[in-house]
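Visitor: Below are the structure tokens for one structure; questions will follow.
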2 protein chains.
Amino acid sequence: MSLYIFVIGAALLSVVYALVVVWKIQKSAKPTEKIAEISSAIREGAMAFLKREYRTIGLVAAVIFVLLWLVLGAKVALGFLTGAVLSALAGYIGMVVSTKTNAKVAEASKQSLKKSFGLAFQGGSVTGFFVVGLGLLGVSIFWLLTKDLKALAGLGFGASLISIFARLAGGIYTKAADVGADLVGKVEQGIPEDDPRNPAVIADQVGDNVGDCAGMAADLFETYVVTIAATMILGSLLFAGSSVALVLPLLLSGAGIVSSIAATLFVKLGKKQGIMAALYKGVAAAAVISALLFIPIISKYSQTIGLDFANLYVPSLIGLALAFGLFLITDYYTSKKHKPVQQIAEASQSGHATNVIAGLAIGMQSTYAPVVLISISILVSYWLGGIYGLAVAAVSLLSLTGMIIAMDSYGPITDNAAGILEMAGADAKSREAADALDSVGNTTKAVTKSVAIGSAALAALVLFAAYTQEIINAGQNMLFSLSNPKILVGLLLGGLLPYVVASSALRAVGRAGGKVVEEVRRQFKEIKGIMEGAAKPEYGKCVDIVTKAAIKEMILPTMVIVVLPILVGFLLGAEALGGLLIGCIVTGFFVGISMATGGGAWDNAKKYIEDGHLGGKKSPAHQAAVTGDTVGDPYKDTAGPAINPMIKVVNIIALLIISLII
Amino acid sequence: MSLYIFVIGAALLSVVYALVVVWKIQKSAKPTEKIAEISSAIREGAMAFLKREYRTIGLVAAVIFVLLWLVLGAKVALGFLTGAVLSALAGYIGMVVSTKTNAKVAEASKQSLKKSFGLAFQGGSVTGFFVVGLGLLGVSIFWLLTKDLKALAGLGFGASLISIFARLAGGIYTKAADVGADLVGKVEQGIPEDDPRNPAVIADQVGDNVGDCAGMAADLFETYVVTIAATMILGSLLFAGSSVALVLPLLLSGAGIVSSIAATLFVKLGKKQGIMAALYKGVAAAAVISALLFIPIISKYSQTIGLDFANLYVPSLIGLALAFGLFLITDYYTSKKHKPVQQIAEASQSGHATNVIAGLAIGMQSTYAPVVLISISILVSYWLGGIYGLAVAAVSLLSLTGMIIAMDSYGPITDNAAGILEMAGADAKSREAADALDSVGNTTKAVTKSVAIGSAALAALVLFAAYTQEIINAGQNMLFSLSNPKILVGLLLGGLLPYVVASSALRAVGRAGGKVVEEVRRQFKEIKGIMEGAAKPEYGKCVDIVTKAAIKEMILPTMVIVVLPILVGFLLGAEALGGLLIGCIVTGFFVGISMATGGGAWDNAKKYIEDGHLGGKKSPAHQAAVTGDTVGDPYKDTAGPAINPMIKVVNIIALLIISLII
């Protein structure tokens with residue numbers, strides 16, 4: 001029990017720390033009235049979206065809740081409800097914080113880059129520490145109350161279902177609004193980005209929040225909770241309910257929270273250092289402190305479950321190293337300083353098509369190193385600690401989640417701040433600070449996504465192991481042999497799922513974006529005096545249209561993800577379902593990483609040209625780079641991120657229904 | 001032995017039939033001197049390329065030949081040599097025929113669509129029947145001489161290695177020349193496609209031949225030979241050298257040849273029928289006649305290997321139905337008459353990026369139905385006839401190869417004919433006939449590729465079965481369980497291979513295309529009077545540059561494909577290698593189909609707009625559609641087609657080295 005007190009203590013510490021940072025942000029310089037007004041318009045739009053989104057999700061969740069109760073019992077249904085509510089709460093908090101902080105950051109940008117960076121990172125860390133705090137609190141308390149593994153899987157299911165809805169709806173919203181605003185505003189009317197005369201400008205700003213903040217927070221909450229829960233389930237199945245195997249992932253996560261909080265002290269903009277270097281210091285510090293804290297924890301408990309210290313400690317280091325490795329690789333592929341982004345920029349000189357081809361090629365290439373890194377991690381962790389070793393590596397990787405979210409969500413906050421400054425008519429100098437932060441934001445967002453997809457692959461493998469262990473424990477002997485045609489068909493059908501999600505997401509953005517374009521064109525035509533600034537556009541109409549479209553579009557792909565594994569499981573059996581689980585991990589890994597990283601690279605190739613290279617803004621190369629950026633948008637912000645929760649939803653559903661199949 | 005006489009007879013019939021058609025083509029109206037001159041310039045360029053390509057491949061093949069001799073013995077090495085030489089010969093014949101026929105078709109276009117269609121299809125069928133004739137002759141005679149299964153695998157390896165080289169080099173050549181010619185000619189100088197003032201115009205025409213004719217012929221030769229060989233190997237391993245299991249795939253292929261020859265009679269342009277309908281009739285007739293011929297063959301021999309008639313006959317029907325199903329699906333996704341292409345065209349109205357997004361989404365979506373179809377085919381064939389049933393389905397699918405190649409290679413022939421007419425300054429009306437044929441060519445080319453990738457997946461599964469059977473026969477018991485981390489790592493590394501091939505191919509086209517652009521720009525600048533038609537451009541320089549670049553670029557990706565399975569096999573063992581085999585089938589299937597079909601859809605979306613829809617030629621929508629078409633070019637003609645031989649190379653290498661590993 002004393003162990004649980006440490007875990008719950010760390011989780012509470014995280015929440016308290018987040019509250020302290022909120023108080024600090026509140027204390028910072030008050031924004032001007034104009035800034036506050038714009039910020040509150042964004043907040044209203046975002047809240048309106050979230051309210052409607054949650055209402056729709058609530059209906060779906062209610063149906064699933066009843067079904068779970070009837071088929072799998074009350075505890076699983078309550079677990080589902082807990083996971084769903086907490087995930088929704090994480091998304092809500094992420095959005096409130098960022099829509100509050102954006103105005104403060106906008107104000108601070110007028111003073112210095114250092115101040116605005118500090119505030120933006122603080123805003124991000126509030127979301128980060130709320131997410132991990134709530135996550136760890138939720139899992140540990142729920143487990144103490146129920147002591148039921150199936151219910152824990154239910155909790156994971158709830159979290160990941162909300163997360164996939166949030167990722168899809170948020171992703172479709174943000175990119176549809178973006179595309180709509182850009183196509184009419186920038187291209188047809190020739191007004192700058194974030195210009196207050198554009199009727200879709202508020203929808204665009206709202207989009208950054210509902211996609212990058214609410215969606216991302218729900219996504220990483222889910223990743224964090226599911227990985228911990230999966231490790232607990234697996235530990236219990238492997239070590240026959242050993243309390244140590246159960247509590248170890250919680251302890252490691254608690255240690256990760258402590259070290260992430262300590263590491264925030266290292267995230268400071270040095271005099272000659274870039275923004276990226278400040279963030280590197282933070283992640284490195286968190287990893288090093290975690291590595292130290294893991295020593296006493298693992299040395300005390302590894303023996304109890306029959307493993308040597310090194311057998312679990314090395315996998316935990318591998319998990320930390322993997323996070324850092326994915327960070328480095330994604331930085332290389334998406335930063336303006338390195339070759340890949342510059343190659344895309346250079347390809348833009350020969351036109352739109354060559355830019356797109358280069359971006360597609362770089363996206364595919366960006367999967368090489370992560371695959372090799374993850375393969376080594378799997379082999380070594382497994383070799384040392386068996387499948388539980390692999391689970392420990394996954395938990396360690398995710399113990400840095402607080403820090404990673406902090407790093408990620410500072411991006412949309414500054415993006416918003418830059419937009420608000422533009423709309424408020426601030427001077428160019430203060431926008432410059434916000435823009436500098438924004439460009440790094442593309443890299444950190446891509447990093448988070450590749451860490452998320454990497455951890456999703458590991459977590460899904462842990463879930464798969466739990467799935468097979470469940471079958472073994474039920475006294476059945478299934479080989480899951482590749483020679484079995486059912487496994488092959490399962491692999492193919494599972495491999496299809498990421499394609500379904502990605503294709504639906506891309507087309508949904510196209511359709512919803514088209515509706516925004518129509519509305520913006522209508523307003524420019526019908527409301528006289530918009531372009532002269534004499535009349536105000538009807539921002540609310542655009543917000544409304546894109547809200548409805550995004551919510552409508554999220555339903556169908558989610559249904560496919562939920563229904564296909566159930567169909568395959570009951571029609572073709574447990575083996576085909578096993579194949580499906582692995583199939584969607586394999587293709588999902590490639591589709592997810594190539595989209596997230598490729599999209600980030602496209603975006604920064606455009607920014608690289610805007611910095612004055614290869615002809616600079618408005619050159620033909622820049623126009624081609626804008627095309628690449630627009631293609632990359634739904635790649636990295638809609639389709640790619642949805643793969644991550646998808647992989648886990650499928651695996652958890654399998655774990656929940658397996659007892660009904662065999 | 002009498003069975004082999006039937007097989008060899010059918011193969012010889014195929015060759016004789018091809019020779020008769022050659023004679024018929026020779027007899028047709030002689031082209032004008034101008035046309036003949038252009039045609040011979042193209043032929044010279046193509047021959048020069050093929051000579052250099054084969055010299056380079058010859059060096060690589062010589063090294064491999066020696067290595068095989070030393071490690072696996074003389075017979076395997078000789079098998080490799082036979083396969084390589086025959087595959088190279090198939091490519092050579094494909095190219096000679098099409099570069100001879102293009103002038104004749106150009107001439108015939110002046111008279112009527114019906115005549116030019118007839119001639120173009122005849123030209124295609126020469127290649128088709130040479131390929132299957134040589135393939136069946138090669139496999140059966142080589143088998144009769146050696147009676148060595150390993151050597152048969154060697155033959156498959158030779159064929160597929162040449163084929164991957166040919167696909168990559170040809171694909172890079174054709175698209176680099178195309179991109180180079182278009183970017184400077186069409187975009188910068190504003191002269192039409194195939195304008196004789198463009199210095200890259202001959203290189204572009206040569207490209208159509210080396211990519212679509214030589215590359216495609218080598219590819220399908222390989223697919224055909226490998227599938228038959230794999231089925232023979234598997235049959236022998238499963239039924240302990242039963243002569244029936246060995247000869248059955250040869251008999252089915254022989255029957256397929258006979259029915260394909262008969263079916264060519266049905267390919268006639270009716271009065272009110274479209275070109276596509278004429279081709280549908282041909283494929284349907286071939287499938288129906290095959291289905292009838294299979295009855296006596298299977299009913300006579302199925303009992304001998306302990307299977308009921310239906311257990312093998314239904315799988316053979318499934319193979320035929322699968323070919324027809326893939327035909328229908330690809331037609332749906334790539335024809336101007338259906339929604340997908342029209343949706344891409346409509347998306348072009350909002351710009352370059354939305355066109356690209358729509359094309360990417362449609363490409364991904366085009367994998368849904370083929371995956372479901374192939375999954376059903378696998379399950380039912382296996383359920384009825386075990387893994388040998390699956391092999392029979394694969395062989396039946398490929399028994400239509402002669403017909404399919406005929407259909408495919410008529411495309412590049414008409415493409416060339418249209419180009420020659422333009423260069424010879426022919427009137428618009430005769431170009432119209434050639435253009436009508438060309439648009440259908442995009443669909444038939446996409447069909448061939450999706451049939452090839454579908455059959456590759458089946459053939460690779462058969463090879464994988466032979467691989468595992470070899471391990472079982474060696475007395476080892478390997479489970480290939482998905483729970484084994486080595487299998488998982490193998491799946492990920494195998495899944496990576498299609499990404500390596502595709503990414504390298506895309507970038508190679510970009511680099512080689514860049515060199516052509518530079519040269520074309522230089523000529524326009526330095527040679528005075530090109531634009532006025534007073535001076536002749538130096539066509540040979542462009543041909544030379546792109547030849548060198550394409551050959552250089554094909555080496556590295558091929559080495560990765562050959563070396564990675566060997567490394568994984570020896571470092572991580574037979575299980576990881578097994579995972580790798582399946583991994584590359586799974587991701588390769590999706591990457592291959594989405595690229596081949598997506599690229600075809602992009603191309604025809606452009607043609608749909610050029611037909612006068614959505615603003616027609618030179619409208620903004622058309623410009624956006626040109627971007628999509630240019631992105632789709634290396635997708636469908638370089639990266640996508642290379643996936644097909646790649647999947648099989650990897651599987652055959654595994655089969656060859658497995659005895660050294662265990």
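Lettering and numbering for the structure tokens are positional, with chains as A, B, ... in the shown order, residues counted from 1 in each chain, and ligands counted from 1 in the shown order.
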Would you kindly return, as a short mmCIF file (atom, residue, chain, number, x, y, z; two decimals) with C-alpha atoms, in the first residue's frame, each protein, DNA or RNA residue with an atom no farther than 9 Å from any atom of Gln365 in chain B, considering only C-alpha atoms and excluding same-chain residues fewer than 3 positions away?
Guide:
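That gives us result_17.cif:
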```
data_model
loop_
_atom_site.label_atom_id
_atom_site.label_comp_id
_atom_site.auth_asym_id
_atom_site.auth_seq_id
_atom_site.Cartn_x
_atom_site.Cartn_y
_atom_site.Cartn_z
CA TYR A 499 -5.24 3.15 -44.94
CA VAL A 500 -8.95 3.45 -44.17
CA SER A 503 -7.84 8.00 -46.65
CA SER A 504 -11.08 8.94 -44.85
CA LEU B 360 -3.38 10.45 -52.38
CA ALA B 361 -6.70 9.66 -50.72
CA ILE B 362 -8.06 7.86 -53.78
CA TYR B 368 -9.78 -1.56 -49.92
CA ALA B 369 -11.51 -3.79 -52.47
CA SER B 594 -2.02 2.69 -53.92
CA GLY B 598 -3.44 6.45 -57.63
#
```
Visitor: Can you tell me, as a PyMOL selection string, what residues are no more than 12 Å from Leu50 in chain B when counting only C-alpha atoms, ignoring any on the same chain fewer than 3 positions away?
Guide: chain B and resi 43-47+53-58+88-89+91-96+165-166+169-170+173+206-207+209-211+213-215+543-544+547-548+550-551
Visitor: What lies within 9 Å of Ile658 in chain A using only C-alpha atoms, ignoring chain neighbours under 6 positions off, as a list in words?
Guide: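 Selected residues are Tyr467, Glu470, Ile471, Gly569 and Ala574 of chain A.
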Visitor: Could those residues be written to a file, using N, CA and C atoms, as a CSV table (one decimal), in the first residue's frame?
Guide:
```csv
chain,number,residue,atom,x,y,z
A,467,TYR,N,-3.0,-10.3,-25.0
A,467,TYR,CA,-4.1,-11.0,-25.7
A,467,TYR,C,-3.7,-12.5,-25.9
A,470,GLU,N,-3.7,-14.3,-22.5
A,470,GLU,CA,-5.1,-14.6,-22.1
A,470,GLU,C,-5.6,-15.9,-22.7
A,471,ILE,N,-5.2,-16.1,-24.0
A,471,ILE,CA,-5.6,-17.3,-24.7
A,471,ILE,C,-4.9,-18.5,-24.1
A,569,GLY,N,-13.0,-11.1,-35.4
A,569,GLY,CA,-12.8,-12.0,-34.3
A,569,GLY,C,-13.9,-13.0,-34.3
A,574,ALA,N,-10.0,-16.2,-33.3
A,574,ALA,CA,-9.0,-15.5,-32.5
A,574,ALA,C,-7.7,-15.4,-33.3
```
Visitor: Could you pull the residues within 6 Å of range 113-121 of chain B, counting only C-alpha atoms, minus those fewer than 4 positions along the same chain, as number ranges by chain?
Guide: B: 105, 108-109, 410, 433
Visitor: Quick check, in Å to one decimal: how far apart do CA of Met407 in chain A and CA of Leu496 in chain B lie?
Guide: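 These atoms are spaced 29.3 Å apart.
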Visitor: Excluding Gly256 in chain B and residues on its chain fewer than 6 positions from it, collect all residues at most 12 Å away from it, counting only C-alpha atoms, and give them as a PyMOL selection string.
Guide: chain B and resi 7+10-11+13-14+129+132-133+136+224+249-250+262-263+283+285-294+297+316+319-320+395-404
Visitor: Using only C-alpha atoms, determine which residues lie at most 9 Å from Glu346 in chain B, disregarding the query and same-chain residues fewer than 4 positions distant; provide the list as a ChimeraX atom specification.
Guide: /B:341-342,350,355,605,614,621
Visitor: Please determine, counting only C-alpha atoms, which residue among A:Ala505, A:Val16, A:Ile566, A:Leu312 has the shortest atom-to-atom distance to chain B.
Guide: A:Ala505
Visitor: Quick one: everything within 7 Å of range 182-184 of chain B, counting only C-alpha atoms, minus sequence neighbours fewer than 4 positions away in the same chain. Send it as a list in words.
Guide: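 Everything that qualifies: Asp178, Glu188, Gln189, Val517, Val520 and Arg521 of chain B.
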Visitor: With N, CA and C atoms retained, export the selected residues as a CSV table (one decimal), in the first residue's frame.
Guide:
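Okay, this is what ended up in selection_17.csv:
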```csv
chain,number,residue,atom,x,y,z
B,178,ASP,N,10.6,12.3,-68.9
B,178,ASP,CA,9.3,12.9,-69.0
B,178,ASP,C,9.3,14.3,-68.3
B,188,GLU,N,8.3,26.0,-69.2
B,188,GLU,CA,9.1,27.2,-69.3
B,188,GLU,C,9.0,27.8,-70.7
B,189,GLN,N,9.1,26.9,-71.8
B,189,GLN,CA,9.1,27.5,-73.1
B,189,GLN,C,7.7,27.5,-73.8
B,517,VAL,N,16.7,18.6,-67.0
B,517,VAL,CA,16.3,20.0,-67.0
B,517,VAL,C,17.4,20.9,-67.3
B,520,VAL,N,18.5,20.5,-71.0
B,520,VAL,CA,17.5,21.1,-71.9
B,520,VAL,C,17.6,22.6,-71.9
B,521,ARG,N,17.7,23.2,-70.6
B,521,ARG,CA,17.9,24.6,-70.5
B,521,ARG,C,19.1,25.1,-71.2
```
Visitor: Could you check which of B:Ala353, B:Pro370, B:Val649, B:Leu78 is closest to Leu506 in chain A, using only C-alpha atoms?
Guide: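 That would be B:Ala353, the residue with the smallest distance to Leu506 in chain A.
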